[in-house]
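Notes follow once the structure below has been shown.
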Amino acid sequence: MAAPILRCGILLARKLPLLQLFPAGKRCLLSAAYVDSHKWETREKEVCHLADLASLMDKTYERKLPVSSLTISRFVDNISSREEIDHAEYYLYKFRHSPNCWYLRDWTVHTWIRQCLKYGAQDKALYTLVNKVQYGIFPDNFTFNLLMDYFIKKENYKDALSVVFEVMLQEAFDARSTQLLSFYVLYHSLARKTDLTWEEERNFGASLLLPGLKLKNSVGLSSQLYGYALLGKVELQQGLPAVYHDMPLLWQPGYLDRALQVMEKVASSPEDGKLCKEALDVLDRALKALTAPAPGPSEEQPQEGGDSQGAEELAEQLDMEESEQSKLPQYLERFKAVHSKLQALGKVESGSLLTLTTQLIKEQLPTCEAEDMAAYEQKLQRWHLERVHLIQREQEQREKAKQEYEARQAAKASASA
């Protein structure tokens with residue numbers, strides 16, 4: 001069961017154009033050089049038998065002892081088939097629920113995702129990512145990008161969107177490349193979706209807002225507006241807790257007001273930034289839907305006999321919601337005024353956000369790729385040094401344990417003599 005050391009094809013496609021079409025007609029955003037696994041496959045690694053490692057981990061757990069991060073790393077490193085992916089998933093789960101759970105190495109997470117993609121187990125990669133708390137799968141931006149691009153290439157935008165939502169939940173929009181790929185997936189998905197549930201509105205809103213705050217161009221500003229509009233709609237229809245519960249978002253009310261502030265900022269800015277008509281229309285529809293007469297009362301009455309603290313929190317929440325509801329006519333008037341000003345200034349972009357994002361990717365992704373790949377090579381070197389250090393510590397501990405065992409045996413022999 002020893003894993004073969006594979007050598008993949010040389011880097012032939014560094015100069016291939018972006019947004020290329022593969023022979024099968026599948027779209028890919030990242031270059032062949034970026035997704036190439038040659039450097040990873042040819043890295044120095046220990047060749048081990050999975051059966052031996054599985055037996056070692058089983059015995060260690062039976063003795064109520066922690067399994068080392070090196071052991072689970074070796075297991076994931078030596079996967080050589082789809083069946084072994086399932087075995088590794090089991091031991092990743094066991095490791096996550098062990099005393100050493102915090103020590104799952106970054107390179108193990110990266111290897112796990114690469115192995116899943118290599119052996120056609122992309123479903124396992126996504127499952128363990130979504131259930132990150134149970135498996136400890138918290139990838140870096142480079143790994144997130146590989147997974148997103150894989151699903152884009154397969155035209156599987158449903159799973160690509162799930163990856164973007166995980167990037168949002170893990171607040172991992174640090175790399176510009178991850179921001180660009182995420183925008184592409186988000187706007188491609190929104191172009192196909194007509195009716196969104198309120199949960200989808202919240203997830204889309206947060207996933208547009210967070211990376212949008214990091215960009216100052218038309219895509220970034222429009223994404224802020226789009227995100228605030230969706231979140232403001234959820235805030236008014238479902239309550240503020242529905243917005244921020246288990247989400248990396250502000251607890252303060254006023255998401256629609258923040259959307260209008262984005263419009264006012266662009267209108268008053270001397271710079272050439274524009275807002276996309278698509279995002280403006282989303283805010284327009286949200287405001288009109290919220291100001292339309294309600295079909296009937298839908299407020300939930302507080303249960304009698306509840307604790308006073310819960311009643312106070314509910315009353316405070318209702319006060320905030322009523323305050324925002326009362327501002328809706330004012331918000332609608334502000335929107336109309338600022339929208340007219342934006343049109344007069346020529347700051348309304350007619351192109352779709354998907355088109356603008358695609359153009360931005362063409363302009364910026366090659367530079368982002370070069371930066372990411374350079375950082376990745378440095379990370380590989382750092383991971384190698386960390387692994388070598390851990391192996392040395394492991395050998396020292398084994399030698400120390402051996403010496404202590406021999407000393408005890410010698411003491412017993414002397415005592416019995």
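We name chains A, B, ... following the order of the structure tokens; residues begin at 1 in each chain, and ligands are numbered from 1 as shown.
If you count only C-alpha atoms and ignore residues fewer than 4 places along the chain from Ser207 (chain A), what sits within 8 Å of it is Val164, Phe165, Met168, Leu186, Asn203, Pro211 and Gly227 of chain A.
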Find the spatial neighbours of Leu208 (chain A), counting only C-alpha atoms, within a cut-off of 9 Å - ignore same-chain residues fewer than 6 positions away - and output them as a compact mmCIF listing (two decimals) with C-alpha atoms, in the first residue's frame.
```txt
# COMPACT_ATOMS: atom_id res chain seq x y z
CA MET A 168 -16.89 33.78 3.89
CA SER A 182 -15.32 34.28 -5.33
CA PHE A 183 -16.89 37.22 -7.16
CA LEU A 186 -21.14 34.56 -6.88
CA GLY A 220 -15.91 46.24 -5.04
CA SER A 223 -20.56 44.32 -4.31
CA GLN A 224 -20.74 46.31 -1.09
CA LEU A 225 -24.02 47.83 -2.24
CA TYR A 226 -25.40 44.46 -3.37
CA GLY A 227 -24.39 42.80 -0.09
CA TYR A 228 -25.78 45.53 2.15
```
What residues in region 200-351 of chain A get the DSSP label strand (DSSP E)? Please answer as a list in words.
->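 Residues of region 200-351 of chain A classed as strand (DSSP E): Leu275, Cys276, Val348 and Glu349 of chain A.
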Could those selected residues go to a file with N, CA and C atoms, as a PDB file, in the first residue's frame?
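See out17.pdb below for the written result:
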```pdb
ATOM      1  N   LEU A 275     -21.176  52.659  -9.836  1.00  0.00           N
ATOM      2  CA  LEU A 275     -21.981  51.582  -9.279  1.00  0.00           C
ATOM      3  C   LEU A 275     -22.738  50.904 -10.407  1.00  0.00           C
ATOM      4  N   CYS A 276     -22.757  49.595 -10.348  1.00  0.00           N
ATOM      5  CA  CYS A 276     -23.412  48.834 -11.399  1.00  0.00           C
ATOM      6  C   CYS A 276     -24.933  48.928 -11.256  1.00  0.00           C
ATOM      7  N   VAL A 348     -23.258  55.449 -13.225  1.00  0.00           N
ATOM      8  CA  VAL A 348     -24.011  54.201 -13.224  1.00  0.00           C
ATOM      9  C   VAL A 348     -23.483  53.338 -14.363  1.00  0.00           C
ATOM     10  N   GLU A 349     -22.953  52.184 -14.011  1.00  0.00           N
ATOM     11  CA  GLU A 349     -22.387  51.260 -14.987  1.00  0.00           C
ATOM     12  C   GLU A 349     -23.485  50.332 -15.498  1.00  0.00           C
TER      13      GLU A 349
END
```
Among the residues A:Thr178, A:Gln261, A:Ser162, A:Ser323, the one that comes closest to Leu236 (chain A) [using only C-alpha atoms] =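 So, comparing all the options, the nearest one is A:Ser323.
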Per DSSP on the backbone, what are the alpha helix (DSSP H) residues of region 130-285 of chain A, as number ranges by chain?
-> A: 130, 132-135, 141-153, 157-169, 176-192, 198-212, 218-238, 240-244, 255-268, 277-285
Dump of C-alpha atoms for the selected residues, as a compact mmCIF listing (two decimals), in the first residue's frame:
```txt
# COMPACT_ATOMS: atom_id res chain seq x y z
CA VAL A 130 -18.38 22.27 5.23
CA LYS A 132 -14.82 21.82 9.32
CA VAL A 133 -15.49 21.73 13.05
CA GLN A 134 -15.71 17.93 12.92
CA TYR A 135 -12.65 17.42 10.71
CA ASN A 141 -6.23 30.83 0.26
CA PHE A 142 -4.15 28.83 -2.22
CA THR A 143 -6.00 25.63 -1.31
CA PHE A 144 -9.37 27.37 -1.43
CA ASN A 145 -8.50 28.61 -4.92
CA LEU A 146 -7.60 25.13 -6.15
CA LEU A 147 -10.93 23.75 -4.93
CA MET A 148 -12.98 26.62 -6.37
CA ASP A 149 -11.24 26.40 -9.71
CA TYR A 150 -11.77 22.63 -9.84
CA PHE A 151 -15.54 23.06 -9.53
CA ILE A 152 -15.55 25.97 -12.01
CA LYS A 153 -13.71 23.77 -14.52
CA TYR A 157 -21.25 26.15 -9.68
CA LYS A 158 -23.41 24.73 -6.91
CA ASP A 159 -20.39 23.24 -5.14
CA ALA A 160 -18.16 26.17 -6.11
CA LEU A 161 -20.69 28.41 -4.36
CA SER A 162 -20.53 26.21 -1.26
CA VAL A 163 -16.76 26.77 -1.21
CA VAL A 164 -17.25 30.54 -1.46
CA PHE A 165 -19.67 30.46 1.45
CA GLU A 166 -17.04 28.58 3.48
CA VAL A 167 -14.44 31.19 2.57
CA MET A 168 -16.89 33.78 3.89
CA LEU A 169 -17.59 31.88 7.12
CA ARG A 176 -6.92 39.14 -4.09
CA SER A 177 -7.05 35.96 -6.18
CA THR A 178 -9.57 34.43 -3.75
CA GLN A 179 -11.66 37.60 -3.90
CA LEU A 180 -11.73 37.53 -7.72
CA LEU A 181 -12.61 33.84 -7.96
CA SER A 182 -15.32 34.28 -5.33
CA PHE A 183 -16.89 37.22 -7.16
CA TYR A 184 -16.91 35.21 -10.38
CA VAL A 185 -18.70 32.29 -8.73
CA LEU A 186 -21.14 34.56 -6.88
CA TYR A 187 -22.20 36.58 -9.90
CA HIS A 188 -22.33 33.53 -12.14
CA SER A 189 -24.66 31.91 -9.59
CA LEU A 190 -26.79 35.03 -9.13
CA ALA A 191 -27.21 35.34 -12.89
CA ARG A 192 -28.88 31.92 -12.88
CA TRP A 198 -33.70 34.44 3.08
CA GLU A 199 -30.81 32.18 4.09
CA GLU A 200 -29.41 32.43 0.58
CA GLU A 201 -29.86 36.21 0.64
CA ARG A 202 -27.88 36.34 3.88
CA ASN A 203 -25.10 34.08 2.58
CA PHE A 204 -24.84 35.87 -0.76
CA GLY A 205 -24.98 39.23 1.00
CA ALA A 206 -22.15 38.43 3.40
CA SER A 207 -20.07 36.77 0.67
CA LEU A 208 -20.38 39.87 -1.53
CA LEU A 209 -19.90 42.40 1.24
CA LEU A 210 -16.74 41.08 2.92
CA PRO A 211 -14.50 40.94 -0.18
CA GLY A 212 -16.25 44.01 -1.57
CA SER A 218 -16.60 49.46 -9.40
CA VAL A 219 -16.82 45.72 -8.69
CA GLY A 220 -15.91 46.24 -5.04
CA LEU A 221 -18.25 49.19 -4.49
CA SER A 222 -21.13 47.49 -6.33
CA SER A 223 -20.56 44.32 -4.31
CA GLN A 224 -20.74 46.31 -1.09
CA LEU A 225 -24.02 47.83 -2.24
CA TYR A 226 -25.40 44.46 -3.37
CA GLY A 227 -24.39 42.80 -0.09
CA TYR A 228 -25.78 45.53 2.15
CA ALA A 229 -29.07 45.49 0.18
CA LEU A 230 -29.56 41.74 0.61
CA LEU A 231 -28.59 41.85 4.29
CA GLY A 232 -30.84 44.86 4.91
CA LYS A 233 -33.76 42.98 3.43
CA VAL A 234 -33.07 40.02 5.73
CA GLU A 235 -32.72 42.37 8.71
CA LEU A 236 -36.14 43.92 8.13
CA GLN A 237 -37.97 40.71 7.22
CA GLN A 238 -36.34 38.19 9.56
CA LEU A 240 -31.30 41.41 13.03
CA PRO A 241 -30.29 38.16 14.81
CA ALA A 242 -30.99 36.28 11.57
CA VAL A 243 -28.28 38.42 9.94
CA TYR A 244 -25.45 38.02 12.39
CA TYR A 255 -27.75 47.57 6.75
CA LEU A 256 -30.01 49.46 4.33
CA ASP A 257 -28.60 52.74 5.64
CA ARG A 258 -25.08 51.43 4.95
CA ALA A 259 -26.13 50.56 1.40
CA LEU A 260 -27.30 54.12 0.88
CA GLN A 261 -24.06 55.43 2.36
CA VAL A 262 -22.15 53.52 -0.33
CA MET A 263 -24.25 55.27 -2.98
CA GLU A 264 -23.70 58.67 -1.36
CA LYS A 265 -19.98 58.05 -1.08
CA VAL A 266 -19.67 57.26 -4.78
CA ALA A 267 -21.85 60.23 -5.73
CA SER A 268 -19.72 62.68 -3.73
CA LYS A 277 -27.07 49.19 -12.40
CA GLU A 278 -27.55 45.55 -11.39
CA ALA A 279 -26.66 46.31 -7.75
CA LEU A 280 -28.74 49.49 -7.72
CA ASP A 281 -31.74 47.52 -8.98
CA VAL A 282 -31.33 45.02 -6.14
CA LEU A 283 -31.52 47.81 -3.55
CA ASP A 284 -34.44 49.40 -5.40
CA ARG A 285 -36.42 46.14 -5.38
```
Please, what distance in Å, to one decimal, runs between CA of Glu404 (chain A) and CA of Ile391 (chain A)?
-> 19.9 Å
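For the set A:Trp107, A:Ala401, A:Ala370, A:Leu50, the residue with the smallest atom-to-atom gap to Leu385 (chain A) is A:Trp107, counting only C-alpha atoms.
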Interatomic distance (Å, one decimal) between CA of Arg387 (chain A) and CA of Ala374 (chain A) |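 Computing the Euclidean distance for CA of Arg387 (chain A) and CA of Ala374 (chain A) yields 20.2 Å.
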In Å to one decimal, how far is CA of Tyr93 (chain A) from CA of Glu44 (chain A)?
->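 CA of Tyr93 (chain A) lies 25.9 Å from CA of Glu44 (chain A).
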